[in-house]
$ cat structure.cif   # mmCIF, C-alpha atoms
data_protein
#
loop_
_atom_site.label_atom_id
_atom_site.label_comp_id
_atom_site.auth_asym_id
_atom_site.auth_seq_id
_atom_site.Cartn_x
_atom_site.Cartn_y
_atom_site.Cartn_z
CA MET A 1 0.00 0.00 0.00
CA SER A 2 1.33 3.44 -0.92
CA ARG A 3 1.81 6.11 1.72
CA LEU A 4 -1.03 8.10 0.18
CA GLY A 5 -3.24 5.04 0.29
CA TRP A 6 -2.40 4.47 3.94
CA GLN A 7 -3.04 8.09 4.81
CA ARG A 8 -6.58 7.66 3.59
CA VAL A 9 -7.07 4.66 5.85
CA VAL A 10 -7.90 6.35 9.14
CA GLY A 11 -10.23 5.80 12.02
CA VAL A 12 -8.65 2.70 13.51
CA ALA A 13 -11.03 2.83 16.42
CA ARG A 14 -13.89 1.84 14.11
CA LEU A 15 -12.26 -1.60 13.96
CA TYR A 16 -13.94 -2.56 17.18
CA ASN A 17 -17.45 -2.00 15.92
CA GLU A 18 -16.64 -4.39 13.08
CA VAL A 19 -15.18 -7.12 15.22
CA ARG A 20 -17.21 -6.77 18.45
CA PRO A 21 -17.12 -10.24 19.93
CA ARG A 22 -20.14 -12.54 20.27
CA THR A 23 -18.69 -15.59 22.01
CA CYS A 24 -15.83 -16.32 24.38
CA ALA A 25 -13.99 -18.52 21.87
CA VAL A 26 -10.69 -17.10 20.62
CA GLN A 27 -11.03 -15.34 17.30
CA ARG A 28 -8.33 -16.47 14.92
CA HIS A 29 -5.80 -14.09 13.45
CA PHE A 30 -6.90 -11.23 11.20
CA THR A 31 -5.04 -10.98 7.91
CA ARG A 32 -3.42 -7.62 7.31
CA ALA A 33 -5.81 -6.94 4.43
CA ALA A 34 -8.80 -7.63 6.67
CA LEU A 35 -7.41 -5.29 9.32
CA LEU A 36 -6.84 -2.48 6.86
CA ALA A 37 -10.24 -2.99 5.28
CA THR A 38 -11.95 -2.20 8.57
CA LEU A 39 -10.36 1.23 8.89
CA THR A 40 -12.48 4.22 7.89
CA HIS A 41 -12.36 7.97 8.13
CA PRO A 42 -14.05 9.26 11.27
CA GLN A 43 -16.80 11.78 10.70
CA ALA A 44 -15.78 15.31 11.53
CA ALA A 45 -17.45 16.66 14.65
CA HIS A 46 -19.46 19.86 14.47
CA ALA A 47 -17.77 22.92 15.88
CA THR A 48 -19.39 24.55 18.87
CA SER A 49 -19.82 28.30 18.91
CA THR A 50 -18.29 30.29 21.73
CA PRO A 51 -20.63 32.05 24.17
CA THR A 52 -21.71 35.55 23.30
CA ARG A 53 -19.34 38.19 24.70
CA SER A 54 -18.88 41.94 24.30
CA PHE A 55 -16.35 42.65 21.52
CA HIS A 56 -15.51 45.49 19.20
CA THR A 57 -13.72 45.16 15.88
CA THR A 58 -10.12 46.38 15.87
CA SER A 59 -9.02 45.02 12.49
CA THR A 60 -10.31 42.97 9.59
CA PHE A 61 -8.02 40.80 7.47
CA LEU A 62 -7.77 37.50 5.56
CA LEU A 63 -5.33 34.73 6.47
CA ASN A 64 -4.91 31.90 3.98
CA THR A 65 -4.17 28.48 5.54
CA SER A 66 -4.64 24.86 4.52
CA GLU A 67 -7.48 24.72 7.04
CA GLY A 68 -9.32 27.88 6.03
CA VAL A 69 -9.20 31.67 6.18
CA VAL A 70 -9.40 34.12 9.04
CA ARG A 71 -11.94 36.77 8.08
CA LYS A 72 -12.15 39.05 11.05
CA VAL A 73 -10.62 39.74 14.45
CA GLU A 74 -12.49 41.51 17.23
CA LYS A 75 -10.90 42.74 20.42
CA GLY A 76 -12.72 42.20 23.71
CA ASP A 77 -11.87 43.12 27.28
CA THR A 78 -9.89 39.94 27.96
CA SER A 79 -10.04 37.94 24.71
CA LEU A 80 -9.54 38.07 20.97
CA LEU A 81 -12.44 36.80 18.85
CA VAL A 82 -11.36 35.32 15.52
CA GLU A 83 -13.86 34.55 12.75
CA PHE A 84 -12.87 31.92 10.18
CA SER A 85 -14.12 31.44 6.63
CA ASP A 86 -16.35 28.52 7.65
CA GLY A 87 -18.32 30.90 9.86
CA THR A 88 -16.94 29.66 13.18
CA ARG A 89 -15.93 32.29 15.71
CA GLU A 90 -13.27 31.27 18.20
CA GLU A 91 -12.37 33.12 21.38
CA PHE A 92 -8.72 33.21 22.51
CA PRO A 93 -8.01 34.72 25.95
CA TYR A 94 -5.16 37.24 25.99
CA CYS A 95 -3.39 35.49 28.87
CA TRP A 96 -3.36 32.23 26.91
CA LEU A 97 -2.07 33.93 23.75
CA ARG A 98 0.73 35.63 25.67
CA ASP A 99 1.72 32.46 27.54
CA ASN A 100 1.83 30.54 24.24
CA CYS A 101 3.77 33.03 22.14
CA GLN A 102 5.63 31.04 19.48
CA CYS A 103 8.54 33.40 18.89
CA PRO A 104 12.08 31.98 19.44
CA ARG A 105 12.48 34.02 22.60
CA CYS A 106 9.40 32.42 24.17
CA TYR A 107 9.34 28.93 22.63
CA ASP A 108 11.98 26.40 21.58
CA GLU A 109 10.73 24.52 18.50
CA THR A 110 13.50 21.91 18.66
CA SER A 111 12.56 20.61 22.12
CA PHE A 112 8.86 21.61 21.93
CA THR A 113 9.39 23.49 25.17
CA ARG A 114 8.12 26.83 26.43
CA ARG A 115 11.10 29.06 27.30
CA LEU A 116 8.77 31.61 28.84
CA THR A 117 8.00 31.42 32.55
CA LEU A 118 5.06 33.12 34.26
CA ASP A 119 7.48 35.59 35.82
CA ASP A 120 8.49 36.77 32.33
CA TRP A 121 5.15 38.41 31.47
CA ASP A 122 2.44 40.37 33.22
CA HIS A 123 -1.08 38.98 33.48
CA THR A 124 -2.54 42.32 32.33
CA ASP A 125 -0.49 42.35 29.12
CA HIS A 126 -2.84 42.74 26.15
CA PRO A 127 -2.55 43.31 22.38
CA ILE A 128 -2.72 46.90 21.21
CA GLN A 129 -2.38 46.04 17.53
CA ALA A 130 -2.99 43.04 15.24
CA GLN A 131 -1.72 42.86 11.68
CA VAL A 132 -1.61 40.29 8.92
CA SER A 133 1.59 38.46 8.05
CA GLU A 134 2.16 35.62 5.61
CA GLY A 135 0.36 32.55 6.98
CA GLY A 136 -0.75 34.17 10.22
CA MET A 137 -1.03 37.29 12.32
CA ILE A 138 1.29 39.37 14.46
CA LEU A 139 0.18 40.83 17.76
CA GLN A 140 1.88 43.81 19.34
CA TRP A 141 1.48 43.68 23.10
CA SER A 142 1.16 46.56 25.53
CA SER A 143 4.49 45.43 27.02
CA GLY A 144 6.18 45.99 23.66
CA HIS A 145 6.54 42.29 22.85
CA HIS A 146 5.54 40.96 19.40
CA SER A 147 3.99 37.52 18.80
CA HIS A 148 3.29 35.60 15.61
CA TYR A 149 0.54 32.95 15.37
CA LYS A 150 -0.31 30.80 12.36
CA ALA A 151 -4.01 30.49 11.62
CA GLN A 152 -3.93 26.69 11.42
CA TRP A 153 -2.12 26.54 14.77
CA LEU A 154 -4.92 28.64 16.33
CA GLN A 155 -7.70 26.52 14.83
CA LYS A 156 -6.22 23.32 16.22
CA ARG A 157 -6.07 24.84 19.70
CA ALA A 158 -9.44 26.60 19.70
CA PHE A 159 -11.43 26.33 22.92
CA ASN A 160 -14.58 24.84 21.41
CA LEU A 161 -15.46 21.20 22.08
CA THR A 162 -14.10 19.71 18.85
CA PRO A 163 -10.36 20.49 19.25
CA ARG A 164 -10.58 19.65 22.94
CA ALA A 165 -12.07 16.23 22.11
CA VAL A 166 -9.32 15.60 19.56
CA LYS A 167 -6.67 16.27 22.20
CA ARG A 168 -8.42 14.07 24.73
CA ALA A 169 -8.40 11.23 22.18
CA LYS A 170 -4.67 11.74 21.73
CA LEU A 171 -4.27 11.45 25.50
CA ALA A 172 -6.31 8.25 25.87
CA LEU A 173 -8.67 6.32 23.63
CA LYS A 174 -12.24 5.61 24.68
CA LYS A 175 -12.58 2.22 26.36
CA ASP A 176 -14.88 -0.42 24.87
CA LEU A 177 -16.34 -2.25 27.86
CA TRP A 178 -17.19 -5.94 27.50
CA GLY A 179 -18.86 -8.82 29.29
CA PRO A 180 -19.22 -12.62 29.08
CA ASP A 181 -19.94 -12.66 25.31
CA PHE A 182 -16.58 -11.09 24.50
CA LYS A 183 -14.41 -12.69 21.81
CA LEU A 184 -10.64 -12.36 22.00
CA THR A 185 -8.74 -10.81 19.08
CA THR A 186 -5.48 -12.36 17.89
CA PHE A 187 -2.35 -10.98 16.26
CA ASP A 188 0.60 -12.78 14.71
CA TYR A 189 3.97 -12.50 16.46
CA GLU A 190 6.07 -11.98 13.32
CA GLU A 191 3.72 -9.31 11.97
CA LEU A 192 3.85 -7.41 15.25
CA VAL A 193 7.63 -7.47 15.20
CA GLY A 194 7.96 -6.65 11.51
CA ASP A 195 5.05 -4.35 10.59
CA GLU A 196 4.52 -1.02 12.36
CA LYS A 197 0.97 -0.71 11.05
CA VAL A 198 0.00 -4.02 12.64
CA LEU A 199 1.81 -2.91 15.79
CA LEU A 200 -0.36 0.21 15.83
CA GLN A 201 -3.49 -1.92 15.41
CA TRP A 202 -2.43 -4.05 18.35
CA LEU A 203 -1.67 -1.04 20.58
CA VAL A 204 -5.07 0.47 19.81
CA THR A 205 -6.81 -2.84 20.52
CA MET A 206 -5.01 -3.13 23.84
CA GLU A 207 -5.89 0.41 24.84
CA LYS A 208 -9.56 0.03 23.94
CA VAL A 209 -10.45 -3.50 25.09
CA GLY A 210 -7.53 -4.42 27.37
CA VAL A 211 -6.64 -7.94 26.18
CA THR A 212 -5.32 -9.70 23.05
CA ILE A 213 -3.77 -13.02 22.04
CA ILE A 214 -0.47 -13.19 20.14
CA THR A 215 -0.06 -16.39 18.12
CA ASN A 216 3.11 -18.11 16.89
CA THR A 217 5.30 -16.77 19.68
CA PRO A 218 8.64 -18.64 19.70
CA ARG A 219 8.59 -21.18 22.53
CA GLU A 220 11.56 -19.81 24.40
CA PRO A 221 11.89 -17.45 27.40
CA ARG A 222 12.25 -13.73 26.63
CA ALA A 223 10.57 -14.10 23.21
CA CYS A 224 8.16 -11.28 24.13
CA PHE A 225 11.11 -8.94 24.64
CA ASN A 226 11.20 -8.52 20.85
CA ILE A 227 7.71 -7.00 20.90
CA ILE A 228 8.29 -4.93 24.02
CA ASN A 229 11.51 -3.50 22.56
CA LYS A 230 9.44 -2.19 19.62
CA VAL A 231 7.35 -0.24 22.12
CA GLY A 232 9.54 0.67 25.07
CA PHE A 233 11.35 -1.23 27.79
CA VAL A 234 10.68 -4.21 30.02
CA LYS A 235 9.45 -3.17 33.48
CA PRO A 236 11.43 -4.93 36.21
CA THR A 237 9.91 -5.96 39.55
CA HIS A 238 11.26 -7.80 42.59
CA TYR A 239 10.79 -10.98 40.53
CA GLY A 240 13.28 -9.69 37.93
CA VAL A 241 12.76 -8.63 34.31
CA HIS A 242 10.89 -11.84 33.48
CA TYR A 243 9.98 -14.92 35.41
CA PRO A 244 8.92 -18.51 34.71
CA ILE A 245 5.51 -19.51 36.08
CA ARG A 246 5.59 -23.22 36.79
CA ASN A 247 4.80 -25.52 39.70
CA LYS A 248 7.72 -25.69 42.16
CA LEU A 249 8.36 -26.55 45.78
CA GLY A 250 8.76 -23.77 48.35
CA ALA A 251 7.21 -21.18 46.02
CA ASN A 252 7.28 -17.55 47.17
CA SER A 253 4.13 -16.87 45.12
CA LEU A 254 0.91 -18.84 44.75
CA ALA A 255 1.36 -18.39 40.98
CA TYR A 256 4.30 -20.83 41.21
CA THR A 257 2.00 -23.66 42.31
CA ASP A 258 -0.71 -25.72 40.61
CA SER A 259 -3.42 -24.23 42.85
CA LYS A 260 -6.41 -22.23 41.71
CA LEU A 261 -5.79 -18.50 41.48
CA GLY A 262 -8.73 -16.22 42.23
CA MET A 263 -9.56 -13.24 40.03
CA HIS A 264 -6.82 -10.68 40.50
CA ASN A 265 -4.54 -8.12 38.96
CA ASP A 266 -0.79 -8.55 39.28
CA LEU A 267 1.24 -6.76 41.95
CA PRO A 268 -1.58 -4.56 43.35
CA TYR A 269 0.82 -3.52 46.13
CA TYR A 270 2.76 -1.39 43.60
CA GLU A 271 1.93 2.32 43.56
CA TYR A 272 3.11 2.36 39.96
CA VAL A 273 1.62 -0.99 39.04
CA PRO A 274 2.93 -2.79 35.92
CA GLY A 275 0.61 -1.67 33.15
CA ILE A 276 0.66 -4.53 30.65
CA ILE A 277 1.19 -8.26 31.29
CA PHE A 278 2.63 -10.64 28.68
CA LEU A 279 1.72 -14.20 29.70
CA HIS A 280 3.63 -16.41 27.24
CA CYS A 281 2.63 -20.08 27.05
CA ILE A 282 5.72 -22.18 26.39
CA THR A 283 4.12 -25.48 27.44
CA GLN A 284 0.44 -25.85 28.32
CA PHE A 285 -0.85 -28.50 30.71
CA THR A 286 -2.59 -31.09 28.54
CA GLY A 287 -5.07 -32.38 31.11
CA GLU A 288 -8.01 -30.74 32.79
CA GLY A 289 -7.23 -27.36 34.33
CA GLY A 290 -4.81 -24.55 33.67
CA GLU A 291 -7.41 -22.33 31.99
CA ASN A 292 -7.46 -18.56 32.46
CA ASP A 293 -10.59 -16.66 33.50
CA LEU A 294 -10.75 -13.03 32.34
CA THR A 295 -13.02 -10.14 33.32
CA ASP A 296 -13.15 -6.50 32.23
CA GLY A 297 -12.81 -4.77 35.60
CA PHE A 298 -13.94 -1.42 34.16
CA HIS A 299 -17.15 -3.07 32.97
CA VAL A 300 -17.65 -4.51 36.47
CA ALA A 301 -17.06 -1.10 38.03
CA GLU A 302 -19.61 0.50 35.71
CA TYR A 303 -22.13 -2.26 36.51
CA MET A 304 -21.61 -1.67 40.23
CA ARG A 305 -21.98 2.09 39.81
CA ARG A 306 -25.27 1.72 37.94
CA HIS A 307 -26.90 -1.13 39.88
CA HIS A 308 -25.28 -1.01 43.34
CA PRO A 309 -24.27 2.61 44.00
CA GLN A 310 -23.87 2.23 47.77
CA GLU A 311 -21.52 -0.74 47.45
CA TYR A 312 -19.70 1.04 44.63
CA GLU A 313 -19.11 4.03 46.89
CA LEU A 314 -17.69 1.78 49.62
CA LEU A 315 -15.29 0.18 47.12
CA THR A 316 -14.09 3.55 45.78
CA ASP A 317 -13.83 5.27 49.18
CA THR A 318 -12.28 2.54 51.34
CA PRO A 319 -8.50 2.01 51.04
CA VAL A 320 -7.32 -1.57 51.48
CA TYR A 321 -3.83 -2.83 52.32
CA PHE A 322 -2.24 -5.02 49.65
CA TRP A 323 1.12 -6.51 50.50
CA ASN A 324 3.79 -9.03 49.59
CA LYS A 325 6.76 -10.14 51.62
CA GLY A 326 9.42 -12.74 50.90
CA SER A 327 12.89 -13.60 49.74
CA ALA A 328 14.44 -14.62 46.46
CA LEU A 329 14.29 -18.20 45.18
CA VAL A 330 16.37 -17.54 42.05
CA GLU A 331 19.29 -15.23 41.33
CA GLN A 332 17.33 -12.66 39.32
CA GLU A 333 14.92 -11.86 42.18
CA THR A 334 15.40 -9.19 44.84
CA THR A 335 17.09 -10.78 47.85
CA GLU A 336 14.33 -9.71 50.24
CA PHE A 337 11.22 -7.65 49.61
CA TYR A 338 8.36 -6.14 51.58
CA LYS A 339 5.78 -4.34 49.45
CA LEU A 340 2.80 -2.53 50.98
CA LEU A 341 0.16 -0.21 49.50
CA ASN A 342 -3.11 1.21 50.82
CA ILE A 343 -5.51 1.72 47.90
CA PRO A 344 -9.24 1.23 47.13
CA MET A 345 -10.55 -1.69 45.14
CA ILE A 346 -11.82 0.75 42.51
CA VAL A 347 -9.71 3.86 41.89
CA VAL A 348 -11.37 6.90 40.28
CA ASN A 349 -10.02 10.28 39.20
CA ARG A 350 -11.40 13.73 40.06
CA LYS A 351 -14.06 13.33 37.35
CA GLY A 352 -15.24 10.06 38.82
CA GLU A 353 -13.80 8.04 35.92
CA VAL A 354 -12.39 4.61 36.79
CA MET A 355 -8.60 4.58 36.37
CA ARG A 356 -7.66 1.28 38.00
CA VAL A 357 -9.30 -1.74 39.59
CA ASN A 358 -7.73 -4.02 42.20
CA ASN A 359 -8.47 -7.48 43.52
CA SER A 360 -6.10 -10.06 44.92
CA GLN A 361 -5.59 -12.83 47.45
CA LEU A 362 -2.64 -10.68 48.57
CA ARG A 363 -5.10 -8.45 50.42
CA ASP A 364 -3.70 -7.87 53.91
CA SER A 365 -5.59 -8.91 57.05
CA TYR A 366 -5.19 -5.39 58.45
CA LEU A 367 -8.19 -3.13 57.79
CA ASP A 368 -7.87 0.55 58.63
CA LEU A 369 -11.56 0.84 59.57
CA PRO A 370 -13.66 1.15 62.73
CA PRO A 371 -15.48 -2.13 63.56
CA HIS A 372 -18.95 -1.01 62.47
CA GLN A 373 -17.72 -0.36 58.90
CA VAL A 374 -16.11 -3.76 58.40
CA ALA A 375 -19.20 -5.90 57.68
CA PRO A 376 -20.71 -3.46 55.11
CA TRP A 377 -17.37 -3.32 53.32
CA TYR A 378 -17.14 -7.13 53.21
CA SER A 379 -20.65 -7.27 51.76
CA ALA A 380 -19.61 -4.85 49.02
CA LEU A 381 -16.43 -6.85 48.37
CA ARG A 382 -18.38 -10.11 48.12
CA LEU A 383 -20.81 -8.53 45.62
CA TYR A 384 -17.88 -7.11 43.63
CA ASN A 385 -16.28 -10.56 43.35
CA ARG A 386 -19.59 -12.19 42.44
CA VAL A 387 -20.04 -9.78 39.54
CA ILE A 388 -16.41 -10.37 38.48
CA GLU A 389 -17.10 -14.12 38.28
CA GLU A 390 -20.42 -13.64 36.47
CA GLN A 391 -18.87 -11.41 33.80
CA ALA A 392 -15.83 -13.62 33.10
CA ILE A 393 -14.82 -15.49 29.97
CA ARG A 394 -12.55 -18.56 29.98
CA ASN A 395 -9.65 -19.33 27.68
CA LYS A 396 -6.88 -21.93 27.62
CA LEU A 397 -3.72 -20.86 25.86
CA ASN A 398 -2.06 -23.14 23.34
CA ASP A 399 1.68 -23.69 23.17
CA GLY A 400 3.25 -20.64 21.53
CA GLU A 401 0.39 -18.26 22.35
CA THR A 402 0.79 -15.15 24.48
CA MET A 403 -2.05 -13.46 26.32
CA VAL A 404 -1.49 -9.73 26.77
CA MET A 405 -3.56 -7.99 29.46
CA ASP A 406 -4.11 -4.45 30.73
CA ASN A 407 -3.14 -4.95 34.38
CA THR A 408 -4.89 -1.76 35.51
CA ARG A 409 -8.20 -2.99 34.06
CA LEU A 410 -8.28 -6.74 33.51
CA LEU A 411 -8.86 -9.22 36.33
CA HIS A 412 -7.64 -12.72 35.62
CA GLY A 413 -7.54 -16.07 37.37
CA ARG A 414 -6.39 -19.65 36.78
CA THR A 415 -8.10 -22.96 37.31
CA ALA A 416 -6.20 -25.60 39.30
CA TYR A 417 -4.30 -28.38 37.55
CA ASN A 418 -2.35 -31.45 38.63
CA GLY A 419 1.29 -30.51 38.43
CA ALA A 420 2.31 -34.04 39.46
CA VAL A 421 1.18 -35.51 36.14
CA GLY A 422 2.15 -32.79 33.68
CA GLU A 423 3.92 -29.49 33.19
CA ARG A 424 2.48 -26.02 32.69
CA TYR A 425 5.22 -23.53 31.82
CA MET A 426 4.51 -19.84 31.30
CA ASP A 427 7.02 -17.01 30.95
CA GLN A 428 5.84 -13.59 32.12
CA VAL A 429 7.08 -10.07 31.50
CA TYR A 430 5.71 -6.54 31.98
CA LEU A 431 5.52 -3.30 29.98
CA ASP A 432 4.48 0.13 31.25
CA TRP A 433 1.44 1.85 29.76
CA ASP A 434 3.34 5.15 29.43
CA GLU A 435 5.58 3.55 26.81
CA ALA A 436 2.70 1.82 25.02
CA VAL A 437 0.55 4.95 24.59
CA SER A 438 3.64 6.96 23.64
CA THR A 439 4.41 4.54 20.80
CA ARG A 440 0.74 4.56 19.77
CA ARG A 441 0.89 8.36 19.42
CA VAL A 442 4.19 8.22 17.50
CA LEU A 443 2.80 5.70 14.99
CA GLN A 444 -0.49 7.55 14.84
CA GLU A 445 1.32 10.71 13.71
CA LYS A 446 3.73 8.83 11.46
CA TYR A 447 0.90 7.24 9.46
CA ASP A 448 -1.53 10.16 9.83
CA VAL A 449 -4.20 8.03 11.53
CA SER A 450 -7.17 9.61 13.31
CA LEU A 451 -8.45 7.78 16.37
CA GLN A 452 -11.42 8.18 18.71
#
$ encode --input "structure.cif" --output "structure tokens"
Amino acid sequence: MSRLGWQRVVGVARLYNEVRPRTCAVQRHFTRAALLATLTHPQAAHATSTPTRSFHTTSTFLLNTSEGVVRKVEKGDTSLLVEFSDGTREEFPYCWLRDNCQCPRCYDETSFTRRLTLDDWDHTDHPIQAQVSEGGMILQWSSGHHSHYKAQWLQKRAFNLTPRAVKRAKLALKKDLWGPDFKLTTFDYEELVGDEKVLLQWLVTMEKVGVTIITNTPREPRACFNIINKVGFVKPTHYGVHYPIRNKLGANSLAYTDSKLGMHNDLPYYEYVPGIIFLHCITQFTGEGGENDLTDGFHVAEYMRRHHPQEYELLTDTPVYFWNKGSALVEQETTEFYKLLNIPMIVVNRKGEVMRVNNSQLRDSYLDLPPHQVAPWYSALRLYNRVIEEQAIRNKLNDGETMVMDNTRLLHGRTAYNGAVGERYMDQVYLDWDEAVSTRRVLQEKYDVSLQ
């Protein structure tokens, strides 16, 4: 596909409407052509007019840009109102314009860094003159400073809802919540390593739904490093940079046994929890057991918020101690460790949006609560776990498959198996979300792909 052809293939996020799962069976690998065929241009959002303010016209001029033309500028008490050729009128506060002056004295284009500090300009500084220059406008400020702004640059940063939504999508893609009818999406190992466009598809899928399967992974430890190195760096923990998960005597983690593992996220006692888990199946147990149960924790949180608001509030407001303590069994592990974190089961931001879910058998016996609050909290926790189980899907990895999970969102468990009669050998490694979304943005810009 030519670069021009690829540039027309935008709207990767629409992929998920095309492939929204119907059963919990693993969906086999998409061909590259099928992946590309699902990509479409997103529809442009309608611009939102700025509220009516008191302005008077100080100058009228035309600015030609690839995006449109500036027709008129009106000066208000605290803002500049710019009218574009499409009829939209955008308001730009003077303090914002001054703080974001693009001249070399105020902004370093090489490092994309503001040179200007707040101490370098006065909050009352305002333009006394605006004049047209090639591709933009020049403002002369009351302080004597001159600033140049390109029209396209202003349009992209306008304060109406459309540019703000575009920036929010660049920050984080909208999550597609899922339940027990979800169908896992697969990607091929060699294509992820060798094709950046497939890598972008995979990163978007991970960010939106939180879990994928990678097929044809070489059956050797550290094989997933080749994918992680395309994105960022392996995240080390007290278990090392990677660790084999197999049944062994004297294990310092329940994962290193053949016992059942309840629904959990990994290392919930980390403040900066590993963001993405690569669970690489080198040898699968051939008998009964060894399956993985998977639940979208964000979907569970939303269900709790809608249907059980009181219990939801208890789970978001009550911090719980998660901990892990032990000593190394192999050379790569930290000699001794003692991890401890106090954090709610459901973590929300200032807007009330769920940012992280927690659940683990590594929950400490200490509860920082008065006695009368303990039983209600346990009732909420029991309901939370019941919903997690009800909304789960089950999957058993084949040899050479890797399950990749969003550890801030996905809750996973394992059914018990008989380690005395057969081996189950998994190799596990982590990647931070900061690196994953950074690479998604880099590839998004490189291939001019619009996402929602």
$ resolve_selection --input "structure.cif" --expression "the PyMOL selection byres ((chain A and resi 312) around 12)" --output "mmCIF file with C-alpha atoms, in the coordinates of the input"
data_model
loop_
_atom_site.group_PDB
_atom_site.id
_atom_site.type_symbol
_atom_site.label_atom_id
_atom_site.label_comp_id
_atom_site.auth_asym_id
_atom_site.auth_seq_id
_atom_site.Cartn_x
_atom_site.Cartn_y
_atom_site.Cartn_z
ATOM 1 C CA VAL A 300 -17.650 -4.510 36.470
ATOM 2 C CA ALA A 301 -17.060 -1.100 38.030
ATOM 3 C CA GLU A 302 -19.610 0.500 35.710
ATOM 4 C CA TYR A 303 -22.130 -2.260 36.510
ATOM 5 C CA MET A 304 -21.610 -1.670 40.230
ATOM 6 C CA ARG A 305 -21.980 2.090 39.810
ATOM 7 C CA ARG A 306 -25.270 1.720 37.940
ATOM 8 C CA HIS A 307 -26.900 -1.130 39.880
ATOM 9 C CA HIS A 308 -25.280 -1.010 43.340
ATOM 10 C CA PRO A 309 -24.270 2.610 44.000
ATOM 11 C CA GLN A 310 -23.870 2.230 47.770
ATOM 12 C CA GLU A 311 -21.520 -0.740 47.450
ATOM 13 C CA GLU A 313 -19.110 4.030 46.890
ATOM 14 C CA LEU A 314 -17.690 1.780 49.620
ATOM 15 C CA LEU A 315 -15.290 0.180 47.120
ATOM 16 C CA THR A 316 -14.090 3.550 45.780
ATOM 17 C CA ASP A 317 -13.830 5.270 49.180
ATOM 18 C CA THR A 318 -12.280 2.540 51.340
ATOM 19 C CA PRO A 344 -9.240 1.230 47.130
ATOM 20 C CA MET A 345 -10.550 -1.690 45.140
ATOM 21 C CA ILE A 346 -11.820 0.750 42.510
ATOM 22 C CA VAL A 347 -9.710 3.860 41.890
ATOM 23 C CA VAL A 348 -11.370 6.900 40.280
ATOM 24 C CA GLY A 352 -15.240 10.060 38.820
ATOM 25 C CA VAL A 354 -12.390 4.610 36.790
ATOM 26 C CA VAL A 357 -9.300 -1.740 39.590
ATOM 27 C CA PRO A 376 -20.710 -3.460 55.110
ATOM 28 C CA TRP A 377 -17.370 -3.320 53.320
ATOM 29 C CA SER A 379 -20.650 -7.270 51.760
ATOM 30 C CA ALA A 380 -19.610 -4.850 49.020
ATOM 31 C CA LEU A 381 -16.430 -6.850 48.370
ATOM 32 C CA ARG A 382 -18.380 -10.110 48.120
ATOM 33 C CA LEU A 383 -20.810 -8.530 45.620
ATOM 34 C CA TYR A 384 -17.880 -7.110 43.630
ATOM 35 C CA VAL A 387 -20.040 -9.780 39.540
#
$ atom_distance --input "structure.cif" --atom1 "atom CA of Lys75 of chain A" --atom2 "atom CA of Arg114 of chain A"
25.5 Å
$ closest_residue --input "structure.cif" --among "A:Arg350, A:Arg386, A:Lys167, A:Arg363" --to "Phe322 of chain A" --atoms "only C-alpha atoms"
A:Arg363
$ residues_around --input "structure.cif" --residues "Leu397 of chain A" --least-positions-apart "2" --cutoff "7 Å" --atoms "all atoms listed in the file" --output "ChimeraX atom specification"
/A:281,284,395,399,401
$ write_last_selection --input "structure.cif" --atoms "C-alpha atoms" --output "short mmCIF file (atom, residue, chain, number, x, y, z; two decimals), in the frame of the given file"
data_model
loop_
_atom_site.label_atom_id
_atom_site.label_comp_id
_atom_site.auth_asym_id
_atom_site.auth_seq_id
_atom_site.Cartn_x
_atom_site.Cartn_y
_atom_site.Cartn_z
CA CYS A 281 2.63 -20.08 27.05
CA GLN A 284 0.44 -25.85 28.32
CA ASN A 395 -9.65 -19.33 27.68
CA ASP A 399 1.68 -23.69 23.17
CA GLU A 401 0.39 -18.26 22.35
#
$ closest_residue --input "structure.cif" --among "A:Ile138, A:Cys106, A:Leu200, A:Val82" --to "Gln444 of chain A" --atoms "all atoms listed in the file"
A:Leu200
$ resolve_selection --input "structure.cif" --expression "the PyMOL selection byres ((chain A and resi 269) around 9)" --output "list in words"
Asp266, Leu267, Pro268, Tyr270, Glu271, Tyr272, Val273, Tyr321, Phe322, Trp323, Asn324, Lys339, Leu340, Leu341, Asn342, Ile343, Leu362 and Arg363 of chain A
$ residues_near_point --input "structure.cif" --point "(-8.2, 49.2, 26.7)" --cutoff "12 Å" --atoms "only C-alpha atoms" --output "VMD selection string"
chain A and resid 55 to 56 58 75 to 79 124 to 129 141 to 142
$ closest_residue --input "structure.cif" --among "A:Ile282, A:Leu329, A:Ala416, A:Leu431" --to "Ala255 of chain A" --atoms "all atoms listed in the file"
A:Ala416
$ atom_distance --input "structure.cif" --atom1 "atom CA of Leu184 of chain A" --atom2 "atom CA of Lys260 of chain A"
22.4 Å
$ atom_distance --input "structure.cif" --atom1 "atom CA of Phe278 of chain A" --atom2 "atom CA of Thr185 of chain A"
14.9 Å
$ residues_around --input "structure.cif" --residues "Ile277 of chain A" --least-positions-apart "4" --cutoff "8 Å" --atoms "all atoms listed in the file" --output "VMD selection string"
chain A and resid 403 to 407 428 to 431
